[in-house]
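Shown next: model_25.cif, containing mmCIF, C-alpha atoms and all ligand atoms.
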```cif
data_target
#
loop_
_atom_site.label_atom_id
_atom_site.label_comp_id
_atom_site.auth_asym_id
_atom_site.auth_seq_id
_atom_site.Cartn_x
_atom_site.Cartn_y
_atom_site.Cartn_z
CA MET F 1 0.00 0.00 0.00
CA ALA F 2 1.30 3.48 -0.87
CA ARG F 3 2.13 5.46 2.24
CA LEU F 4 0.54 8.86 2.74
CA LYS F 5 3.04 11.65 2.03
CA VAL F 6 3.17 13.91 5.05
CA ALA F 7 4.81 17.23 5.89
CA VAL F 8 5.28 18.35 9.48
CA LEU F 9 5.39 22.08 10.24
CA ILE F 10 7.23 23.17 13.39
CA SER F 11 8.47 26.32 15.09
CA GLY F 12 10.36 24.99 18.09
CA ARG F 13 11.27 21.97 20.18
CA GLY F 14 9.73 19.36 17.90
CA SER F 15 8.96 16.62 20.41
CA ASN F 16 5.71 15.82 18.58
CA LEU F 17 7.67 15.72 15.32
CA ALA F 18 9.99 13.19 16.99
CA SER F 19 7.03 11.01 17.98
CA LEU F 20 5.70 11.11 14.41
CA ILE F 21 9.12 10.26 12.99
CA GLU F 22 9.34 7.30 15.35
CA ALA F 23 5.87 6.06 14.39
CA CYS F 24 6.61 6.40 10.67
CA ALA F 25 9.81 4.38 11.08
CA ALA F 26 7.73 1.23 11.54
CA PRO F 27 7.59 -0.50 8.14
CA ALA F 28 3.85 -1.13 8.39
CA PHE F 29 2.96 2.47 9.30
CA PRO F 30 0.69 3.90 6.58
CA ALA F 31 2.35 7.35 6.38
CA GLU F 32 5.82 8.72 5.71
CA ILE F 33 7.26 12.13 6.52
CA ARG F 34 8.59 13.57 3.28
CA LEU F 35 9.31 17.08 4.51
CA VAL F 36 9.75 19.11 7.68
CA LEU F 37 9.18 22.85 7.42
CA SER F 38 10.00 25.46 10.01
CA ASN F 39 9.39 29.20 10.06
CA ARG F 40 12.39 29.55 12.37
CA ALA F 41 15.97 28.62 11.51
CA ASP F 42 16.71 28.04 15.21
CA ALA F 43 13.91 25.50 15.76
CA ALA F 44 15.49 22.73 17.80
CA GLY F 45 13.16 20.23 16.14
CA LEU F 46 15.02 20.54 12.84
CA ALA F 47 17.68 18.29 14.38
CA HIS F 48 15.13 15.45 14.58
CA ALA F 49 14.58 15.70 10.83
CA ALA F 50 18.32 15.78 10.14
CA ARG F 51 18.91 12.73 12.34
CA ALA F 52 16.23 10.81 10.46
CA ALA F 53 17.53 12.01 7.08
CA ILE F 54 14.22 13.71 6.32
CA PRO F 55 14.46 16.74 4.01
CA SER F 56 13.73 19.99 5.79
CA ALA F 57 13.40 23.62 4.83
CA VAL F 58 13.24 26.88 6.71
CA ILE F 59 10.82 29.51 5.44
CA PRO F 60 11.32 32.49 7.75
CA HIS F 61 8.04 34.37 8.09
CA ARG F 62 9.98 37.60 8.61
CA ASP F 63 11.16 37.43 4.99
CA PHE F 64 7.59 38.00 3.79
CA ALA F 65 5.61 41.21 3.71
CA SER F 66 2.30 39.57 4.57
CA ARG F 67 0.75 36.40 5.91
CA GLU F 68 -0.62 35.76 2.43
CA THR F 69 2.79 35.74 0.75
CA PHE F 70 4.29 33.60 3.53
CA ASP F 71 1.47 31.07 3.26
CA GLY F 72 1.87 31.15 -0.54
CA ALA F 73 5.51 30.11 -0.14
CA LEU F 74 4.50 27.33 2.27
CA ASP F 75 1.88 26.10 -0.16
CA ARG F 76 4.26 26.05 -3.13
CA THR F 77 6.88 24.14 -1.13
CA LEU F 78 4.31 21.58 0.02
CA GLN F 79 2.92 21.14 -3.50
CA ALA F 80 6.40 20.77 -4.99
CA ALA F 81 7.12 17.94 -2.55
CA GLY F 82 3.90 16.14 -3.46
CA ILE F 83 2.57 16.42 0.09
CA GLU F 84 -0.85 14.90 0.76
CA LEU F 85 -1.31 15.73 4.45
CA VAL F 86 0.11 18.54 6.57
CA CYS F 87 0.66 18.04 10.32
CA LEU F 88 1.09 21.16 12.44
CA ALA F 89 3.24 20.30 15.44
CA GLY F 90 3.95 23.38 17.51
CA PHE F 91 3.80 25.62 14.44
CA MET F 92 3.34 29.06 15.95
CA ARG F 93 1.94 30.97 12.97
CA LEU F 94 -1.71 31.58 12.26
CA LEU F 95 -2.54 30.36 8.76
CA THR F 96 -4.66 32.43 6.37
CA PRO F 97 -8.20 31.29 5.56
CA ASP F 98 -7.07 30.84 1.96
CA PHE F 99 -4.30 28.40 2.91
CA VAL F 100 -6.63 26.54 5.28
CA ALA F 101 -9.26 26.27 2.53
CA ARG F 102 -6.71 24.88 0.05
CA TRP F 103 -5.68 22.20 2.54
CA ARG F 104 -9.15 21.58 3.96
CA ASP F 105 -9.35 18.11 5.55
CA ARG F 106 -5.69 17.58 4.65
CA LEU F 107 -4.34 19.76 7.47
CA ILE F 108 -4.27 18.61 11.12
CA ASN F 109 -3.04 20.12 14.36
CA ILE F 110 -2.32 19.07 17.93
CA HIS F 111 -3.47 21.30 20.75
CA PRO F 112 -2.62 20.77 24.44
CA SER F 113 -6.15 20.83 25.85
CA LEU F 114 -9.39 18.93 25.58
CA LEU F 115 -10.99 21.17 22.97
CA PRO F 116 -13.25 23.09 22.84
CA ALA F 117 -11.99 24.01 26.32
CA PHE F 118 -8.92 26.23 26.57
CA ARG F 119 -8.27 27.30 23.02
CA GLY F 120 -5.20 29.48 22.55
CA LEU F 121 -2.07 29.77 24.67
CA ASP F 122 -1.21 28.97 28.32
CA THR F 123 -3.66 26.08 28.34
CA HIS F 124 -2.18 24.33 31.38
CA ALA F 125 -2.13 27.38 33.65
CA ARG F 126 -5.70 28.14 32.62
CA ALA F 127 -6.83 24.55 33.20
CA LEU F 128 -5.28 24.65 36.70
CA ALA F 129 -6.92 28.01 37.44
CA ALA F 130 -10.28 26.59 36.35
CA GLY F 131 -9.88 23.61 38.68
CA VAL F 132 -10.69 20.99 36.03
CA ARG F 133 -10.06 17.37 37.03
CA PHE F 134 -8.87 16.29 33.59
CA ALA F 135 -6.57 17.96 31.10
CA GLY F 136 -5.36 16.48 27.85
CA CYS F 137 -4.75 17.03 24.19
CA THR F 138 -6.68 17.08 20.94
CA VAL F 139 -5.70 16.25 17.37
CA HIS F 140 -8.11 17.94 14.98
CA PHE F 141 -8.58 19.08 11.40
CA VAL F 142 -7.77 22.75 11.00
CA ARG F 143 -10.40 25.37 10.26
CA PRO F 144 -9.79 29.11 9.85
CA GLU F 145 -10.77 29.86 13.46
CA MET F 146 -7.92 29.11 15.86
CA ASP F 147 -8.04 25.69 17.56
CA GLU F 148 -11.32 24.74 15.91
CA GLY F 149 -12.19 21.90 13.60
CA PRO F 150 -13.37 18.29 13.57
CA ILE F 151 -11.77 16.28 16.38
CA ILE F 152 -9.88 13.11 15.43
CA VAL F 153 -8.34 11.94 18.73
CA GLN F 154 -8.37 13.19 22.30
CA ALA F 155 -6.35 11.88 25.24
CA ALA F 156 -7.26 12.82 28.80
CA VAL F 157 -4.85 12.92 31.73
CA PRO F 158 -5.77 13.59 35.37
CA VAL F 159 -4.92 16.86 37.06
CA LEU F 160 -3.20 15.81 40.30
CA PRO F 161 -2.90 17.54 43.66
CA GLY F 162 0.18 19.75 43.71
CA ASP F 163 0.33 20.11 39.92
CA ASP F 164 1.81 23.24 38.47
CA ALA F 165 1.72 24.16 34.80
CA GLU F 166 5.08 22.52 34.18
CA ARG F 167 4.17 19.19 35.73
CA LEU F 168 0.78 19.12 34.04
CA SER F 169 2.25 20.02 30.67
CA ALA F 170 4.79 17.18 30.94
CA ARG F 171 1.94 14.72 31.62
CA VAL F 172 -0.09 16.09 28.71
CA LEU F 173 2.95 16.03 26.42
CA GLU F 174 3.42 12.31 27.06
CA ALA F 175 -0.18 11.80 25.95
CA GLU F 176 0.40 14.03 22.90
CA HIS F 177 3.22 11.76 21.79
CA GLN F 178 0.77 8.87 21.60
CA ALA F 179 -2.26 10.77 20.36
CA TYR F 180 -0.61 12.35 17.29
CA PRO F 181 0.74 9.08 15.82
CA LEU F 182 -2.64 7.45 16.47
CA ALA F 183 -4.48 10.25 14.68
CA LEU F 184 -2.04 10.17 11.77
CA ARG F 185 -2.47 6.42 11.46
CA LEU F 186 -6.26 6.68 11.43
CA VAL F 187 -6.21 9.42 8.78
CA ALA F 188 -3.62 7.60 6.65
CA GLU F 189 -5.65 4.40 6.81
CA GLY F 190 -8.65 6.29 5.46
CA LYS F 191 -10.65 5.60 8.61
CA VAL F 192 -11.55 9.23 9.29
CA ARG F 193 -14.50 10.78 7.49
CA VAL F 194 -15.30 14.44 7.99
CA ASP F 195 -19.00 15.17 8.21
CA GLY F 196 -19.64 18.87 8.79
CA ASP F 197 -18.12 19.87 12.12
CA ARG F 198 -17.45 16.30 13.18
CA ALA F 199 -15.03 13.58 12.20
CA GLU F 200 -16.32 10.01 12.25
CA ILE F 201 -13.86 7.17 12.88
CA ALA F 202 -14.62 3.85 11.24
CA GLY F 203 -14.13 0.54 12.98
CA ILE F 204 -14.02 1.46 16.67
CA ALA F 205 -14.63 -1.88 18.35
CA ALA F 206 -14.93 -0.96 22.03
CA ALA F 207 -15.29 2.11 24.20
CA PRO F 208 -12.83 2.82 27.02
CA PRO F 209 -14.26 2.67 30.56
CA SER F 210 -15.25 5.89 32.32
CA ILE F 211 -12.54 7.23 34.60
CA PHE F 212 -12.98 9.34 37.69
CA ASN F 213 -10.71 11.93 39.23
CA PRO F 214 -10.52 11.77 42.18
CA PRO F 215 -10.81 7.98 41.91
CA ARG F 216 -14.17 6.79 43.27
CA GLU F 217 -12.58 4.30 45.63
CA THR F 218 -10.71 7.08 47.48
CA CYS F 219 -13.96 8.94 48.24
CA GLN F 220 -15.98 6.42 50.23
C1 LIG P 1 2.71 21.00 22.03
O1 LIG P 1 2.27 21.10 23.35
C2 LIG P 1 1.56 21.10 21.07
O2 LIG P 1 0.38 20.57 21.57
C3 LIG P 1 1.42 22.60 20.90
O3 LIG P 1 2.73 23.09 20.90
C4 LIG P 1 3.57 22.19 21.64
C5 LIG P 1 4.68 21.80 20.71
O4 LIG P 1 5.64 21.00 21.36
N1 LIG P 1 0.67 22.91 19.70
P1 LIG P 1 6.74 20.28 20.48
O5 LIG P 1 7.44 21.35 19.66
O6 LIG P 1 6.07 19.26 19.63
O7 LIG P 1 7.68 19.65 21.48
#
```
Using structure tokens, write down the structure from this file.
Ligand code: GRF
Amino acid sequence: MARLKVAVLISGRGSNLASLIEACAAPAFPAEIRLVLSNRADAAGLAHAARAAIPSAVIPHRDFASRETFDGALDRTLQAAGIELVCLAGFMRLLTPDFVARWRDRLINIHPSLLPAFRGLDTHARALAAGVRFAGCTVHFVRPEMDEGPIIVQAAVPVLPGDDAERLSARVLEAEHQAYPLALRLVAEGKVRVDGDRAEIAGIAAAPPSIFNPPRETCQ
């Protein structure tokens, strides 16, 4: 089976990129990373691409007069590489509605909250301030509005007593590193069908059990 040709767009650390590279290294994985793009030359994540011998390019947004021309350069680079799916992984630029429309349902993102809660930045500090019992991450198709779009995969992690934003973000990040490869696999296998604002996943055999935080047995 032909593997889906993927590009990963980053701006920084690239730990999600690393998890996708690792997943794609398995011979049976249905996707391959053909290109890594960064808007920043100093993105630490570029080293992950180099180590895996994946072609990468830097397209500095500061070299462009407008978001439109920057996104045009991104689009041309992706097209030239024959990319079929774009994964945003800590890519810190807002994309224009035109770019998002061109890549509709072929553009996915990971966000460190259980959307639609806590869109935007500082999700972990805001989740702690709100006193939620679960935090987590969401992989979703991208729509023009920030952090919106049909949800593919979510992973929930408990918020624990004594958590600060750093500890919570480390726990969520571990979940991200499993959620993104899972979402990519489902999309690449053609199991995800977008229907309006929702994504349907084919072939889910069983539902996970409900989980409680605090655990029920500690509250009797
Ligand atoms: C992750 O928390 C991701 O959810 C968010 O930006 C962060 C990127 O981390 N969109 P990394 O660069 O993948 O390590």
Give me, as a count of residues only, the set of residues whose atoms come within 10 Å of any atom of ligand LIG 1 (chain P), counting only C-alpha atoms and all ligand atoms. 44
Tell me which of F:Arg119, F:Arg34, F:His61, F:Arg171 sits closest to Ala49 in chain F, counting only C-alpha atoms.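 Distance minimum relative to Ala49 in chain F lands on F:Arg34.
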Taking into account all atoms listed in the file, which residue in the set F:Ala47, F:Leu85, F:Ala165, F:Leu186 is nearest to Ala7 in chain F?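 Checking each of F:Ala47, F:Leu85, F:Ala165, F:Leu186 against Ala7 in chain F, counting all atoms listed in the file, the winner is F:Leu85.
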Neighbour list for Leu128 in chain F as a list in words, cut-off 12 Å, all atoms listed in the file, skip fewer than 4 positions in-chain: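 What passes the distance filter is Ser113, Phe118, Asp122, Thr123, His124, Val132, Arg133, Phe134, Ala135, Pro158, Val159, Leu160, Pro161, Gly162, Asp163, Asp164, Ala165, Glu166, Arg167, Leu168 and Ser169 of chain F.
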So which one's closest to Ile59 in chain F, F:Arg104, F:Arg40, F:Arg193, F:Arg76? Using all atoms listed in the file, please.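 Selected residue with least distance to Ile59 in chain F: F:Arg40.
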Can you pull out every residue within 8 Å of range 56-58 of chain F, counting all atoms listed in the file, but drop anything in the same chain fewer than 4 positions away, and send it as an mmCIF file with C-alpha atoms, keeping the file's coordinate frame?
```cif
data_model
loop_
_atom_site.group_PDB
_atom_site.id
_atom_site.type_symbol
_atom_site.label_atom_id
_atom_site.label_comp_id
_atom_site.auth_asym_id
_atom_site.auth_seq_id
_atom_site.Cartn_x
_atom_site.Cartn_y
_atom_site.Cartn_z
ATOM 1 C CA LEU F 35 9.310 17.080 4.510
ATOM 2 C CA VAL F 36 9.750 19.110 7.680
ATOM 3 C CA LEU F 37 9.180 22.850 7.420
ATOM 4 C CA SER F 38 10.000 25.460 10.010
ATOM 5 C CA ASN F 39 9.390 29.200 10.060
ATOM 6 C CA ARG F 40 12.390 29.550 12.370
ATOM 7 C CA ALA F 41 15.970 28.620 11.510
ATOM 8 C CA LEU F 46 15.020 20.540 12.840
ATOM 9 C CA ALA F 49 14.580 15.700 10.830
ATOM 10 C CA ALA F 50 18.320 15.780 10.140
#
```
Atoms are missing here; could range 144-163 of chain F be completed with N, CA, C and O atoms and written as a CSV table (one decimal), in the frame of the given file?
```
chain,number,residue,atom,x,y,z
F,144,PRO,N,-10.4,27.8,9.8
F,144,PRO,CA,-9.8,29.1,9.8
F,144,PRO,C,-9.8,29.7,11.3
F,144,PRO,O,-8.9,30.4,11.6
F,145,GLU,N,-10.8,29.3,12.1
F,145,GLU,CA,-10.8,29.9,13.5
F,145,GLU,C,-9.7,29.1,14.3
F,145,GLU,O,-9.7,27.8,14.2
F,146,MET,N,-9.0,29.8,15.1
F,146,MET,CA,-7.9,29.1,15.9
F,146,MET,C,-8.4,28.0,16.8
F,146,MET,O,-9.4,28.2,17.5
F,147,ASP,N,-7.7,26.8,16.7
F,147,ASP,CA,-8.0,25.7,17.6
F,147,ASP,C,-9.5,25.2,17.4
F,147,ASP,O,-10.1,24.8,18.4
F,148,GLU,N,-10.0,25.3,16.2
F,148,GLU,CA,-11.3,24.7,15.9
F,148,GLU,C,-11.2,23.7,14.8
F,148,GLU,O,-10.3,23.8,14.0
F,149,GLY,N,-12.2,22.8,14.7
F,149,GLY,CA,-12.2,21.9,13.6
F,149,GLY,C,-12.5,20.5,14.1
F,149,GLY,O,-12.3,20.2,15.3
F,150,PRO,N,-13.0,19.6,13.2
F,150,PRO,CA,-13.4,18.3,13.6
F,150,PRO,C,-12.3,17.5,14.3
F,150,PRO,O,-11.1,17.5,13.9
F,151,ILE,N,-12.7,17.0,15.5
F,151,ILE,CA,-11.8,16.3,16.4
F,151,ILE,C,-11.5,14.8,15.9
F,151,ILE,O,-12.5,14.1,15.6
F,152,ILE,N,-10.3,14.5,15.8
F,152,ILE,CA,-9.9,13.1,15.4
F,152,ILE,C,-9.6,12.2,16.7
F,152,ILE,O,-10.2,11.2,16.8
F,153,VAL,N,-8.7,12.7,17.5
F,153,VAL,CA,-8.3,11.9,18.7
F,153,VAL,C,-8.2,12.9,19.9
F,153,VAL,O,-7.7,14.0,19.7
F,154,GLN,N,-8.7,12.5,21.1
F,154,GLN,CA,-8.4,13.2,22.3
F,154,GLN,C,-7.8,12.2,23.3
F,154,GLN,O,-8.2,11.0,23.3
F,155,ALA,N,-6.9,12.7,24.1
F,155,ALA,CA,-6.4,11.9,25.2
F,155,ALA,C,-6.5,12.7,26.5
F,155,ALA,O,-6.2,13.9,26.5
F,156,ALA,N,-7.1,12.1,27.5
F,156,ALA,CA,-7.3,12.8,28.8
F,156,ALA,C,-6.2,12.4,29.8
F,156,ALA,O,-5.9,11.2,29.9
F,157,VAL,N,-5.7,13.3,30.6
F,157,VAL,CA,-4.8,12.9,31.7
F,157,VAL,C,-5.4,13.6,33.0
F,157,VAL,O,-6.0,14.7,32.9
F,158,PRO,N,-5.2,13.0,34.2
F,158,PRO,CA,-5.8,13.6,35.4
F,158,PRO,C,-5.0,14.8,35.8
F,158,PRO,O,-3.7,14.9,35.6
F,159,VAL,N,-5.6,15.8,36.4
F,159,VAL,CA,-4.9,16.9,37.1
F,159,VAL,C,-4.7,16.4,38.5
F,159,VAL,O,-5.7,15.9,39.1
F,160,LEU,N,-3.5,16.4,39.0
F,160,LEU,CA,-3.2,15.8,40.3
F,160,LEU,C,-2.9,16.9,41.3
F,160,LEU,O,-2.5,18.0,41.0
F,161,PRO,N,-3.2,16.6,42.6
F,161,PRO,CA,-2.9,17.5,43.7
F,161,PRO,C,-1.4,18.0,43.6
F,161,PRO,O,-0.6,17.2,43.3
F,162,GLY,N,-1.2,19.3,43.7
F,162,GLY,CA,0.2,19.8,43.7
F,162,GLY,C,0.7,20.0,42.3
F,162,GLY,O,1.8,20.5,42.1
F,163,ASP,N,-0.1,19.8,41.3
F,163,ASP,CA,0.3,20.1,39.9
F,163,ASP,C,0.6,21.6,39.7
F,163,ASP,O,-0.1,22.4,40.3
```
